[in-house]
$ cat my_file-v4.csv   # CSV, C-alpha atoms
chain,number,residue,atom,x,y,z
A,251,MET,CA,-27.3,10.3,-81.4
A,252,THR,CA,-30.2,11.7,-79.5
A,253,GLU,CA,-33.1,10.5,-81.6
A,254,PRO,CA,-35.2,8.0,-79.7
A,255,THR,CA,-34.5,4.7,-81.4
A,256,LEU,CA,-37.7,3.0,-80.2
A,257,GLY,CA,-39.9,5.9,-81.6
A,258,ASP,CA,-40.9,6.9,-78.1
A,259,THR,CA,-39.2,6.7,-74.8
A,260,LYS,CA,-42.2,6.9,-72.5
A,261,VAL,CA,-42.1,4.1,-70.0
A,262,THR,CA,-45.6,2.7,-69.7
A,263,GLN,CA,-45.1,-0.2,-67.4
A,264,VAL,CA,-43.0,-1.7,-64.7
A,265,GLY,CA,-43.2,-5.4,-64.1
A,266,ILE,CA,-42.7,-7.2,-60.8
A,267,ILE,CA,-42.2,-10.9,-60.4
A,268,VAL,CA,-44.0,-12.4,-57.4
A,269,ARG,CA,-44.3,-15.9,-56.0
A,270,ASP,CA,-47.9,-15.4,-54.7
A,271,ILE,CA,-49.9,-12.9,-56.7
A,272,GLU,CA,-53.0,-13.0,-54.5
A,273,SER,CA,-51.2,-11.9,-51.4
A,274,LYS,CA,-49.0,-9.4,-53.2
A,275,ALA,CA,-52.0,-7.8,-55.0
A,276,ARG,CA,-53.9,-7.5,-51.8
A,277,ALA,CA,-50.8,-5.9,-50.2
A,278,TRP,CA,-50.5,-3.4,-53.0
A,279,SER,CA,-54.2,-2.6,-52.8
A,280,GLU,CA,-54.2,-2.2,-49.0
A,281,ILE,CA,-50.8,-0.5,-48.5
A,282,LEU,CA,-51.1,2.0,-51.3
A,283,GLY,CA,-54.9,2.4,-51.2
A,284,LEU,CA,-55.5,1.2,-54.7
A,285,PRO,CA,-58.5,-0.7,-56.1
A,286,MET,CA,-58.0,-4.5,-56.0
A,287,PRO,CA,-57.5,-5.6,-59.6
A,288,GLU,CA,-58.8,-8.7,-61.3
A,289,ILE,CA,-56.1,-11.4,-61.5
A,290,ILE,CA,-56.0,-12.8,-65.1
A,291,ILE,CA,-54.1,-15.7,-66.6
A,292,THR,CA,-52.2,-15.4,-69.9
A,293,ASP,CA,-53.4,-17.4,-72.9
A,294,PRO,CA,-52.2,-21.0,-73.4
A,295,VAL,CA,-49.4,-21.5,-75.8
A,296,ASP,CA,-51.6,-22.4,-78.8
A,297,LYS,CA,-53.2,-19.0,-78.6
A,298,ALA,CA,-50.3,-16.9,-77.2
A,299,GLN,CA,-47.6,-18.6,-79.3
A,300,THR,CA,-45.2,-18.1,-76.5
A,301,GLU,CA,-41.6,-18.6,-77.3
A,302,TYR,CA,-38.7,-18.6,-74.8
A,303,ASN,CA,-35.1,-18.6,-76.1
A,304,GLY,CA,-36.5,-19.3,-79.6
A,305,LYS,CA,-38.5,-22.4,-78.6
A,306,SER,CA,-42.2,-22.8,-77.9
A,307,THR,CA,-43.0,-22.9,-74.2
A,308,THR,CA,-46.1,-23.8,-72.2
A,309,ALA,CA,-45.2,-21.1,-69.7
A,310,ARG,CA,-48.1,-18.9,-68.6
A,311,ALA,CA,-48.4,-16.3,-65.9
A,312,LYS,CA,-51.0,-14.8,-63.5
A,313,LEU,CA,-51.1,-11.0,-64.0
A,314,ALA,CA,-52.6,-8.1,-62.0
A,315,PHE,CA,-52.3,-4.5,-63.1
A,316,PHE,CA,-52.3,-1.3,-61.0
A,317,HIS,CA,-52.8,2.0,-62.9
A,318,MET,CA,-50.6,4.7,-61.5
A,319,GLY,CA,-50.5,7.8,-63.7
A,320,GLN,CA,-48.7,7.3,-67.0
A,321,LEU,CA,-47.5,4.0,-65.7
A,322,GLU,CA,-49.0,0.7,-64.8
A,323,VAL,CA,-47.4,-1.7,-62.3
A,324,GLU,CA,-47.8,-5.3,-63.4
A,325,LEU,CA,-47.5,-8.1,-60.9
A,326,ILE,CA,-46.6,-11.4,-62.6
A,327,GLU,CA,-46.7,-14.9,-61.0
A,328,PRO,CA,-45.0,-17.4,-63.3
A,329,MET,CA,-46.8,-20.7,-64.1
A,330,ASP,CA,-45.8,-23.9,-65.8
A,331,GLY,CA,-42.9,-24.0,-68.3
A,332,PRO,CA,-39.7,-22.1,-68.7
A,333,SER,CA,-39.8,-18.4,-69.1
A,334,THR,CA,-38.0,-15.2,-68.3
A,335,TRP,CA,-40.6,-14.8,-65.4
A,336,LYS,CA,-39.5,-18.1,-63.9
A,337,ASP,CA,-35.8,-17.3,-64.4
A,338,GLN,CA,-36.2,-14.1,-62.4
A,339,LEU,CA,-38.2,-15.8,-59.6
A,340,ASP,CA,-35.7,-18.6,-59.3
A,341,GLY,CA,-32.7,-16.3,-59.5
A,342,HIS,CA,-33.9,-13.3,-57.5
A,343,GLY,CA,-37.1,-14.1,-55.7
A,344,ASP,CA,-39.9,-11.4,-55.6
A,345,SER,CA,-38.3,-8.6,-57.6
A,346,LEU,CA,-38.6,-5.9,-60.2
A,347,HIS,CA,-38.3,-7.5,-63.7
A,348,HIS,CA,-38.8,-5.1,-66.6
A,349,ILE,CA,-39.7,-1.7,-67.8
A,350,ALA,CA,-41.9,-1.5,-70.9
A,351,PHE,CA,-42.3,0.7,-73.9
A,352,GLU,CA,-45.2,0.8,-76.3
A,353,ILE,CA,-43.8,0.7,-79.8
A,354,LYS,CA,-44.8,0.1,-83.5
A,355,GLY,CA,-42.9,-2.3,-85.7
A,356,ILE,CA,-41.9,-4.9,-83.1
A,357,GLN,CA,-39.9,-7.0,-85.5
A,358,GLU,CA,-37.6,-4.2,-86.6
A,359,LYS,CA,-37.2,-3.0,-83.0
A,360,ILE,CA,-36.3,-6.5,-81.9
A,361,ALA,CA,-33.7,-6.7,-84.7
A,362,PHE,CA,-32.3,-3.3,-83.8
A,363,LEU,CA,-31.9,-4.1,-80.1
A,364,ASP,CA,-30.4,-7.5,-80.9
A,365,SER,CA,-27.8,-5.7,-83.1
A,366,LYS,CA,-26.9,-3.6,-79.9
A,367,GLY,CA,-26.4,-6.7,-77.7
A,368,VAL,CA,-29.9,-6.7,-76.2
A,369,PRO,CA,-31.2,-10.1,-77.4
A,370,LEU,CA,-34.8,-11.3,-77.5
A,371,VAL,CA,-35.5,-13.7,-74.7
A,372,GLN,CA,-39.3,-14.3,-74.8
A,373,ARG,CA,-42.2,-13.2,-77.0
A,374,GLY,CA,-45.9,-13.9,-77.3
A,375,GLU,CA,-49.3,-12.7,-78.4
A,376,TYR,CA,-52.2,-11.3,-76.4
A,377,THR,CA,-55.7,-10.2,-77.4
A,378,GLY,CA,-55.0,-7.0,-79.4
A,379,GLY,CA,-51.3,-7.1,-79.6
A,380,ARG,CA,-48.0,-8.8,-78.8
A,381,TYR,CA,-45.0,-8.4,-76.5
A,382,ALA,CA,-41.3,-9.1,-76.5
A,383,TYR,CA,-38.9,-9.3,-73.6
A,384,LEU,CA,-35.3,-8.3,-74.4
A,385,ASP,CA,-32.5,-9.2,-72.1
A,386,GLY,CA,-30.9,-5.8,-71.5
A,387,VAL,CA,-29.3,-6.7,-68.1
A,388,SER,CA,-25.7,-6.7,-69.2
A,389,GLN,CA,-26.0,-3.6,-71.3
A,390,LEU,CA,-28.7,-1.5,-69.5
A,391,GLY,CA,-29.2,-3.2,-66.1
A,392,THR,CA,-32.7,-4.4,-66.8
A,393,VAL,CA,-35.0,-6.5,-69.0
A,394,LEU,CA,-36.9,-4.3,-71.5
A,395,GLU,CA,-40.4,-5.2,-72.7
A,396,LEU,CA,-41.8,-4.0,-76.0
A,397,LEU,CA,-45.6,-3.8,-76.3
A,398,GLU,CA,-47.2,-3.5,-79.8
A,399,ASN,CA,-50.9,-2.9,-79.7
A,400,ASP,CA,-52.9,-3.2,-83.0
B,114,MET,CA,-59.9,1.2,-49.1
B,115,THR,CA,-59.3,2.9,-52.4
B,116,GLU,CA,-58.0,6.3,-51.2
B,117,PRO,CA,-54.3,6.6,-52.2
B,118,THR,CA,-52.4,6.4,-48.9
B,119,LEU,CA,-49.3,8.2,-50.1
B,120,GLY,CA,-51.4,11.1,-51.4
B,121,ASP,CA,-50.5,10.4,-55.0
B,122,THR,CA,-49.8,7.1,-56.8
B,123,LYS,CA,-47.9,8.6,-59.7
B,124,VAL,CA,-44.7,6.7,-60.1
B,125,THR,CA,-42.0,9.3,-61.0
B,126,GLN,CA,-38.8,7.3,-61.0
B,127,VAL,CA,-37.4,3.8,-61.5
B,128,GLY,CA,-34.0,3.2,-60.1
B,129,ILE,CA,-31.4,0.7,-61.5
B,130,ILE,CA,-28.3,-0.4,-59.6
B,131,VAL,CA,-25.2,-0.7,-61.8
B,132,ARG,CA,-21.6,-1.7,-61.2
B,133,ASP,CA,-20.2,0.7,-63.8
B,134,ILE,CA,-22.3,3.8,-64.4
B,135,GLU,CA,-20.2,5.3,-67.1
B,136,SER,CA,-20.6,2.3,-69.4
B,137,LYS,CA,-24.3,1.8,-68.5
B,138,ALA,CA,-25.1,5.5,-69.1
B,139,ARG,CA,-23.4,5.4,-72.5
B,140,ALA,CA,-25.3,2.2,-73.4
B,141,TRP,CA,-28.6,3.8,-72.4
B,142,SER,CA,-27.8,6.9,-74.4
B,143,GLU,CA,-26.7,5.0,-77.5
B,144,ILE,CA,-29.2,2.1,-77.5
B,145,LEU,CA,-32.3,4.2,-76.7
B,146,GLY,CA,-31.1,7.4,-78.5
B,147,LEU,CA,-31.2,9.6,-75.4
B,148,PRO,CA,-28.9,12.5,-74.5
B,149,MET,CA,-25.9,11.5,-72.4
B,150,PRO,CA,-26.6,12.8,-68.9
B,151,GLU,CA,-24.1,14.3,-66.5
B,152,ILE,CA,-22.9,11.8,-63.8
B,153,ILE,CA,-23.2,13.3,-60.4
B,154,ILE,CA,-22.1,12.1,-56.9
B,155,THR,CA,-24.4,12.3,-53.9
B,156,ASP,CA,-23.3,14.6,-51.1
B,157,PRO,CA,-21.0,13.3,-48.3
B,158,VAL,CA,-22.5,12.1,-45.1
B,159,ASP,CA,-22.1,15.4,-43.2
B,160,LYS,CA,-24.3,17.1,-45.7
B,161,ALA,CA,-26.6,14.3,-46.8
B,162,GLN,CA,-27.0,12.9,-43.2
B,163,THR,CA,-27.3,9.5,-44.8
B,164,GLU,CA,-28.6,6.8,-42.5
B,165,TYR,CA,-28.8,3.1,-43.3
B,166,ASN,CA,-30.6,0.8,-41.0
B,167,GLY,CA,-30.8,3.6,-38.4
B,168,LYS,CA,-27.1,4.3,-38.4
B,169,SER,CA,-25.1,7.0,-40.0
B,170,THR,CA,-23.2,5.7,-43.1
B,171,THR,CA,-20.5,7.2,-45.3
B,172,ALA,CA,-22.2,5.5,-48.3
B,173,ARG,CA,-22.5,7.6,-51.5
B,174,ALA,CA,-23.5,6.9,-55.0
B,175,LYS,CA,-22.8,8.0,-58.6
B,176,LEU,CA,-26.1,9.0,-60.3
B,177,ALA,CA,-27.3,9.5,-63.8
B,178,PHE,CA,-30.9,10.5,-64.8
B,179,PHE,CA,-32.7,9.8,-68.1
B,180,HIS,CA,-36.0,11.7,-68.6
B,181,MET,CA,-38.6,9.5,-70.2
B,182,GLY,CA,-42.1,11.1,-70.1
B,183,GLN,CA,-43.6,11.2,-66.6
B,184,LEU,CA,-40.8,8.9,-65.4
B,185,GLU,CA,-37.1,9.3,-64.9
B,186,VAL,CA,-34.8,6.3,-65.0
B,187,GLU,CA,-32.1,6.7,-62.4
B,188,LEU,CA,-28.8,4.8,-62.7
B,189,ILE,CA,-27.1,4.3,-59.4
B,190,GLU,CA,-23.5,3.1,-58.8
B,191,PRO,CA,-22.9,2.4,-55.1
B,192,MET,CA,-19.8,3.9,-53.5
B,193,ASP,CA,-18.1,3.5,-50.1
B,194,GLY,CA,-20.1,2.4,-47.0
B,195,PRO,CA,-23.1,0.2,-46.4
B,196,SER,CA,-26.3,1.1,-48.2
B,197,THR,CA,-29.4,-0.4,-49.8
B,198,TRP,CA,-27.6,0.3,-53.1
B,199,LYS,CA,-24.7,-1.9,-52.2
B,200,ASP,CA,-26.9,-4.6,-50.8
B,201,GLN,CA,-28.7,-4.8,-54.1
B,202,LEU,CA,-25.5,-4.9,-56.1
B,203,ASP,CA,-24.0,-7.6,-53.9
B,204,GLY,CA,-27.2,-9.7,-53.9
B,205,HIS,CA,-28.4,-9.3,-57.4
B,206,GLY,CA,-25.8,-7.6,-59.6
B,207,ASP,CA,-27.0,-5.0,-62.1
B,208,SER,CA,-30.7,-4.8,-61.5
B,209,LEU,CA,-33.8,-2.8,-61.0
B,210,HIS,CA,-33.9,-1.5,-57.4
B,211,HIS,CA,-36.9,0.8,-56.7
B,212,ILE,CA,-39.9,2.7,-57.9
B,213,ALA,CA,-40.4,6.2,-56.5
B,214,PHE,CA,-43.2,8.5,-55.5
B,215,GLU,CA,-43.1,12.2,-54.8
B,216,ILE,CA,-44.9,12.8,-51.5
B,217,LYS,CA,-45.4,15.4,-48.8
B,218,GLY,CA,-45.0,14.7,-45.1
B,219,ILE,CA,-42.2,12.1,-45.4
B,220,GLN,CA,-42.1,11.4,-41.7
B,221,GLU,CA,-45.8,10.4,-41.4
B,222,LYS,CA,-45.6,8.4,-44.7
B,223,ILE,CA,-42.6,6.5,-43.3
B,224,ALA,CA,-44.5,5.8,-40.1
B,225,PHE,CA,-47.5,4.6,-42.0
B,226,LEU,CA,-45.5,2.3,-44.3
B,227,ASP,CA,-43.6,0.9,-41.3
B,228,SER,CA,-47.0,0.1,-39.6
B,229,LYS,CA,-47.8,-1.9,-42.7
B,230,GLY,CA,-44.6,-4.0,-42.6
B,231,VAL,CA,-42.7,-1.9,-45.1
B,232,PRO,CA,-39.8,-0.6,-42.9
B,233,LEU,CA,-37.4,2.3,-43.5
B,234,VAL,CA,-34.0,1.1,-44.7
B,235,GLN,CA,-32.2,4.2,-45.8
B,236,ARG,CA,-32.7,8.0,-45.8
B,237,GLY,CA,-30.8,11.1,-46.6
B,238,GLU,CA,-31.0,14.7,-47.7
B,239,TYR,CA,-30.2,16.3,-51.1
B,240,THR,CA,-30.3,19.9,-52.2
B,241,GLY,CA,-34.0,20.9,-52.1
B,242,GLY,CA,-35.4,17.8,-50.5
B,243,ARG,CA,-34.9,14.4,-48.9
B,244,TYR,CA,-35.5,10.7,-49.7
B,245,ALA,CA,-36.3,7.5,-47.9
B,246,TYR,CA,-36.1,3.9,-49.1
B,247,LEU,CA,-38.6,1.5,-47.6
B,248,ASP,CA,-38.0,-2.2,-47.9
B,249,GLY,CA,-41.2,-3.4,-49.5
B,250,VAL,CA,-39.8,-6.6,-51.0
B,251,SER,CA,-41.6,-9.0,-48.8
B,252,GLN,CA,-44.9,-7.2,-49.0
B,253,LEU,CA,-44.9,-5.6,-52.4
B,254,GLY,CA,-42.0,-7.2,-54.3
B,255,THR,CA,-39.9,-4.0,-54.5
B,256,VAL,CA,-38.2,-1.3,-52.6
B,257,LEU,CA,-40.2,1.9,-52.6
B,258,GLU,CA,-38.6,5.4,-52.5
B,259,LEU,CA,-40.3,8.4,-51.2
B,260,LEU,CA,-39.1,11.8,-52.5
B,261,GLU,CA,-40.1,15.0,-50.7
B,262,ASN,CA,-39.1,18.2,-52.5
B,263,ASP,CA,-39.4,21.5,-50.6
$ encode --input "my_file-v4.csv" --output "structure tokens"
Amino acid sequence: MTEPTLGDTKVTQVGIIVRDIESKARAWSEILGLPMPEIIITDPVDKAQTEYNGKSTTARAKLAFFHMGQLEVELIEPMDGPSTWKDQLDGHGDSLHHIAFEIKGIQEKIAFLDSKGVPLVQRGEYTGGRYAYLDGVSQLGTVLELLEND
Amino acid sequence: MTEPTLGDTKVTQVGIIVRDIESKARAWSEILGLPMPEIIITDPVDKAQTEYNGKSTTARAKLAFFHMGQLEVELIEPMDGPSTWKDQLDGHGDSLHHIAFEIKGIQEKIAFLDSKGVPLVQRGEYTGGRYAYLDGVSQLGTVLELLEND
């Protein structure tokens, strides 16, 4: 079975959970010599339709992106309600959180991964697309994120 | 300050610490539809000259690599003596551990990062090159790995 099940296996993003995104973004910029990115805030729940463990959540996050070749490094500071972001910060402090793939057909990919013991933990919409986090820690050692851009 | 300080900012590898590499490698292969990789063991200390916190260590690891575009995903099962790998497993269980950059001039890059509060935690040799792990958790939210291939 060597046919990529997600359609593509190119990792496009690595996500890092941080307690203080301003200081961490400054450190990334200064230490690695990268342009300081804008810090953005995810949409509120009525627009993002954020769901965590199958229930609507007011969770939001501050985000900053560094473009590093094929990959972007995403810094994430959790805000407000329950989320996979907050779970990670509470459980592990500042730490790597996920690797992401850009895919098509997010619903069927979520169903496939769930059938393999990698369950959906959080999902939401953003301008131009949607994301899903799958809890792959017990099977794969990491959370996976699926990104579907329209 | 927007000149890449490491010479290149392309992330070439993401490392994941796992307790049981055989089962995790099988899961990666089956769930993502990737070829099952060979599982290799790092060289013993007399060849690898492994140092952890400035002292020689007998630590070794089982490794498996999945090639995913620009990036490789490295699974790491710690073995034997003290290491950053074992610290991560003891502290956080199966989890993402590092992102890696391929660089030239590892000694000066280590000195630069140390001057920025990102200290060397482990280093060693492998056939054709050498690696260094820098503890960037407090500054950047992650361990960095430098890889220098001859």
$ interface_residues --input "my_file-v4.csv" --of "chain B" --to "chain A" --cutoff "7 Å" --atoms "all atoms listed in the file" --output "PyMOL selection string"
chain B and resi 114-119+122-124+129+131+137+140-141+143-148+181-184+205+207-209+229+250+252-255
$ calpha_fit_and_write --input "my_file-v4.csv" --fixed "chain B" --moving "chain A" --output "mmCIF file with C-alpha atoms, in the frame of the given file"
data_model
loop_
_atom_site.group_PDB
_atom_site.id
_atom_site.type_symbol
_atom_site.label_atom_id
_atom_site.label_comp_id
_atom_site.auth_asym_id
_atom_site.auth_seq_id
_atom_site.Cartn_x
_atom_site.Cartn_y
_atom_site.Cartn_z
ATOM 1 C CA MET A 251 -59.929 1.195 -49.042
ATOM 2 C CA THR A 252 -59.257 2.841 -52.331
ATOM 3 C CA GLU A 253 -57.935 6.197 -51.215
ATOM 4 C CA PRO A 254 -54.298 6.597 -52.156
ATOM 5 C CA THR A 255 -52.451 6.414 -48.867
ATOM 6 C CA LEU A 256 -49.329 8.222 -50.115
ATOM 7 C CA GLY A 257 -51.450 11.228 -51.410
ATOM 8 C CA ASP A 258 -50.562 10.382 -54.980
ATOM 9 C CA THR A 259 -49.786 7.199 -56.737
ATOM 10 C CA LYS A 260 -47.915 8.542 -59.740
ATOM 11 C CA VAL A 261 -44.646 6.738 -60.139
ATOM 12 C CA THR A 262 -42.005 9.312 -60.974
ATOM 13 C CA GLN A 263 -38.884 7.262 -61.015
ATOM 14 C CA VAL A 264 -37.401 3.865 -61.481
ATOM 15 C CA GLY A 265 -33.989 3.175 -60.077
ATOM 16 C CA ILE A 266 -31.408 0.763 -61.455
ATOM 17 C CA ILE A 267 -28.342 -0.410 -59.631
ATOM 18 C CA VAL A 268 -25.239 -0.691 -61.818
ATOM 19 C CA ARG A 269 -21.650 -1.687 -61.166
ATOM 20 C CA ASP A 270 -20.182 0.728 -63.795
ATOM 21 C CA ILE A 271 -22.274 3.821 -64.348
ATOM 22 C CA GLU A 272 -20.151 5.257 -67.157
ATOM 23 C CA SER A 273 -20.581 2.285 -69.403
ATOM 24 C CA LYS A 274 -24.218 1.749 -68.500
ATOM 25 C CA ALA A 275 -25.092 5.444 -69.116
ATOM 26 C CA ARG A 276 -23.385 5.408 -72.436
ATOM 27 C CA ALA A 277 -25.311 2.204 -73.304
ATOM 28 C CA TRP A 278 -28.597 3.786 -72.367
ATOM 29 C CA SER A 279 -27.764 6.904 -74.355
ATOM 30 C CA GLU A 280 -26.644 4.974 -77.457
ATOM 31 C CA ILE A 281 -29.191 2.109 -77.426
ATOM 32 C CA LEU A 282 -32.246 4.194 -76.718
ATOM 33 C CA GLY A 283 -31.077 7.390 -78.459
ATOM 34 C CA LEU A 284 -31.179 9.549 -75.396
ATOM 35 C CA PRO A 285 -28.963 12.520 -74.485
ATOM 36 C CA MET A 286 -25.928 11.489 -72.380
ATOM 37 C CA PRO A 287 -26.577 12.792 -68.872
ATOM 38 C CA GLU A 288 -24.125 14.316 -66.453
ATOM 39 C CA ILE A 289 -22.978 11.758 -63.854
ATOM 40 C CA ILE A 290 -23.221 13.352 -60.342
ATOM 41 C CA ILE A 291 -22.096 12.116 -56.955
ATOM 42 C CA THR A 292 -24.345 12.293 -53.873
ATOM 43 C CA ASP A 293 -23.353 14.576 -51.002
ATOM 44 C CA PRO A 294 -20.986 13.301 -48.277
ATOM 45 C CA VAL A 295 -22.567 12.133 -45.116
ATOM 46 C CA ASP A 296 -22.112 15.417 -43.204
ATOM 47 C CA LYS A 297 -24.271 17.156 -45.749
ATOM 48 C CA ALA A 298 -26.616 14.298 -46.804
ATOM 49 C CA GLN A 299 -27.036 12.881 -43.282
ATOM 50 C CA THR A 300 -27.310 9.475 -44.756
ATOM 51 C CA GLU A 301 -28.586 6.799 -42.507
ATOM 52 C CA TYR A 302 -28.748 3.056 -43.299
ATOM 53 C CA ASN A 303 -30.636 0.715 -40.931
ATOM 54 C CA GLY A 304 -30.848 3.619 -38.437
ATOM 55 C CA LYS A 305 -27.092 4.318 -38.341
ATOM 56 C CA SER A 306 -25.060 6.998 -40.081
ATOM 57 C CA THR A 307 -23.250 5.718 -43.151
ATOM 58 C CA THR A 308 -20.532 7.141 -45.389
ATOM 59 C CA ALA A 309 -22.187 5.474 -48.361
ATOM 60 C CA ARG A 310 -22.492 7.656 -51.460
ATOM 61 C CA ALA A 311 -23.524 6.877 -54.991
ATOM 62 C CA LYS A 312 -22.860 8.024 -58.599
ATOM 63 C CA LEU A 313 -26.202 8.929 -60.246
ATOM 64 C CA ALA A 314 -27.290 9.568 -63.861
ATOM 65 C CA PHE A 315 -30.849 10.421 -64.793
ATOM 66 C CA PHE A 316 -32.730 9.793 -68.067
ATOM 67 C CA HIS A 317 -36.034 11.693 -68.540
ATOM 68 C CA MET A 318 -38.612 9.511 -70.177
ATOM 69 C CA GLY A 319 -42.095 11.034 -70.087
ATOM 70 C CA GLN A 320 -43.635 11.177 -66.625
ATOM 71 C CA LEU A 321 -40.831 9.004 -65.427
ATOM 72 C CA GLU A 322 -37.137 9.307 -64.959
ATOM 73 C CA VAL A 323 -34.783 6.302 -64.992
ATOM 74 C CA GLU A 324 -32.029 6.684 -62.423
ATOM 75 C CA LEU A 325 -28.838 4.712 -62.745
ATOM 76 C CA ILE A 326 -27.067 4.360 -59.379
ATOM 77 C CA GLU A 327 -23.478 3.092 -58.803
ATOM 78 C CA PRO A 328 -22.918 2.501 -55.092
ATOM 79 C CA MET A 329 -19.760 3.945 -53.445
ATOM 80 C CA ASP A 330 -18.112 3.525 -50.093
ATOM 81 C CA GLY A 331 -20.105 2.385 -47.027
ATOM 82 C CA PRO A 332 -23.088 0.188 -46.492
ATOM 83 C CA SER A 333 -26.308 1.025 -48.163
ATOM 84 C CA THR A 334 -29.381 -0.433 -49.758
ATOM 85 C CA TRP A 335 -27.602 0.290 -53.171
ATOM 86 C CA LYS A 336 -24.683 -1.904 -52.163
ATOM 87 C CA ASP A 337 -26.974 -4.630 -50.785
ATOM 88 C CA GLN A 338 -28.739 -4.870 -54.136
ATOM 89 C CA LEU A 339 -25.468 -4.907 -56.143
ATOM 90 C CA ASP A 340 -23.968 -7.574 -53.948
ATOM 91 C CA GLY A 341 -27.133 -9.649 -53.851
ATOM 92 C CA HIS A 342 -28.421 -9.247 -57.403
ATOM 93 C CA GLY A 343 -25.825 -7.622 -59.580
ATOM 94 C CA ASP A 344 -26.972 -4.927 -62.142
ATOM 95 C CA SER A 345 -30.705 -4.811 -61.473
ATOM 96 C CA LEU A 346 -33.851 -2.801 -61.022
ATOM 97 C CA HIS A 347 -33.965 -1.456 -57.406
ATOM 98 C CA HIS A 348 -36.897 0.835 -56.647
ATOM 99 C CA ILE A 349 -39.863 2.718 -57.858
ATOM 100 C CA ALA A 350 -40.369 6.217 -56.445
ATOM 101 C CA PHE A 351 -43.210 8.446 -55.467
ATOM 102 C CA GLU A 352 -43.094 12.151 -54.803
ATOM 103 C CA ILE A 353 -44.891 12.793 -51.551
ATOM 104 C CA LYS A 354 -45.419 15.481 -48.803
ATOM 105 C CA GLY A 355 -44.981 14.685 -45.145
ATOM 106 C CA ILE A 356 -42.189 12.102 -45.380
ATOM 107 C CA GLN A 357 -42.118 11.371 -41.688
ATOM 108 C CA GLU A 358 -45.777 10.428 -41.436
ATOM 109 C CA LYS A 359 -45.560 8.385 -44.651
ATOM 110 C CA ILE A 360 -42.548 6.539 -43.311
ATOM 111 C CA ALA A 361 -44.457 5.793 -40.080
ATOM 112 C CA PHE A 362 -47.506 4.647 -42.009
ATOM 113 C CA LEU A 363 -45.571 2.257 -44.253
ATOM 114 C CA ASP A 364 -43.604 0.916 -41.290
ATOM 115 C CA SER A 365 -46.961 0.151 -39.562
ATOM 116 C CA LYS A 366 -47.845 -1.971 -42.753
ATOM 117 C CA GLY A 367 -44.593 -3.998 -42.613
ATOM 118 C CA VAL A 368 -42.668 -1.846 -45.095
ATOM 119 C CA PRO A 369 -39.772 -0.627 -42.899
ATOM 120 C CA LEU A 370 -37.414 2.270 -43.573
ATOM 121 C CA VAL A 371 -34.057 1.039 -44.715
ATOM 122 C CA GLN A 372 -32.125 4.193 -45.780
ATOM 123 C CA ARG A 373 -32.771 7.940 -45.792
ATOM 124 C CA GLY A 374 -30.870 11.099 -46.614
ATOM 125 C CA GLU A 375 -30.986 14.705 -47.707
ATOM 126 C CA TYR A 376 -30.276 16.298 -51.072
ATOM 127 C CA THR A 377 -30.231 19.921 -52.227
ATOM 128 C CA GLY A 378 -33.952 20.851 -52.112
ATOM 129 C CA GLY A 379 -35.373 17.836 -50.491
ATOM 130 C CA ARG A 380 -34.914 14.397 -48.946
ATOM 131 C CA TYR A 381 -35.527 10.734 -49.758
ATOM 132 C CA ALA A 382 -36.368 7.526 -47.974
ATOM 133 C CA TYR A 383 -36.015 3.964 -49.158
ATOM 134 C CA LEU A 384 -38.551 1.509 -47.694
ATOM 135 C CA ASP A 385 -37.995 -2.177 -47.902
ATOM 136 C CA GLY A 386 -41.236 -3.334 -49.526
ATOM 137 C CA VAL A 387 -39.796 -6.589 -51.030
ATOM 138 C CA SER A 388 -41.607 -9.034 -48.814
ATOM 139 C CA GLN A 389 -44.898 -7.227 -48.954
ATOM 140 C CA LEU A 390 -44.928 -5.594 -52.457
ATOM 141 C CA GLY A 391 -42.006 -7.205 -54.346
ATOM 142 C CA THR A 392 -39.916 -4.077 -54.525
ATOM 143 C CA VAL A 393 -38.109 -1.304 -52.632
ATOM 144 C CA LEU A 394 -40.179 1.922 -52.608
ATOM 145 C CA GLU A 395 -38.532 5.356 -52.564
ATOM 146 C CA LEU A 396 -40.263 8.434 -51.217
ATOM 147 C CA LEU A 397 -39.079 11.810 -52.548
ATOM 148 C CA GLU A 398 -40.054 15.029 -50.654
ATOM 149 C CA ASN A 399 -39.091 18.170 -52.461
ATOM 150 C CA ASP A 400 -39.331 21.532 -50.558
#
$ closest_residue --input "my_file-v4.csv" --among "B:Asp193, B:Glu151, B:Asp248, B:Glu221" --to "Ala177 of chain B" --atoms "only C-alpha atoms"
B:Glu151
$ atom_distance --input "my_file-v4.csv" --atom1 "atom CA of Lys160 of chain B" --atom2 "atom CA of Gln235 of chain B"
15.1 Å
$ residues_around --input "my_file-v4.csv" --residues "Leu397 of chain A" --least-positions-apart "2" --cutoff "6 Å" --atoms "all atoms listed in the file" --output "PyMOL selection string"
chain A and resi 352-353+381
$ residues_around --input "my_file-v4.csv" --residues "segment 304-309 of chain A" --least-positions-apart "6" --cutoff "8 Å" --atoms "all atoms listed in the file" --output "PyMOL selection string"
chain A and resi 294-295+328-333+371-372
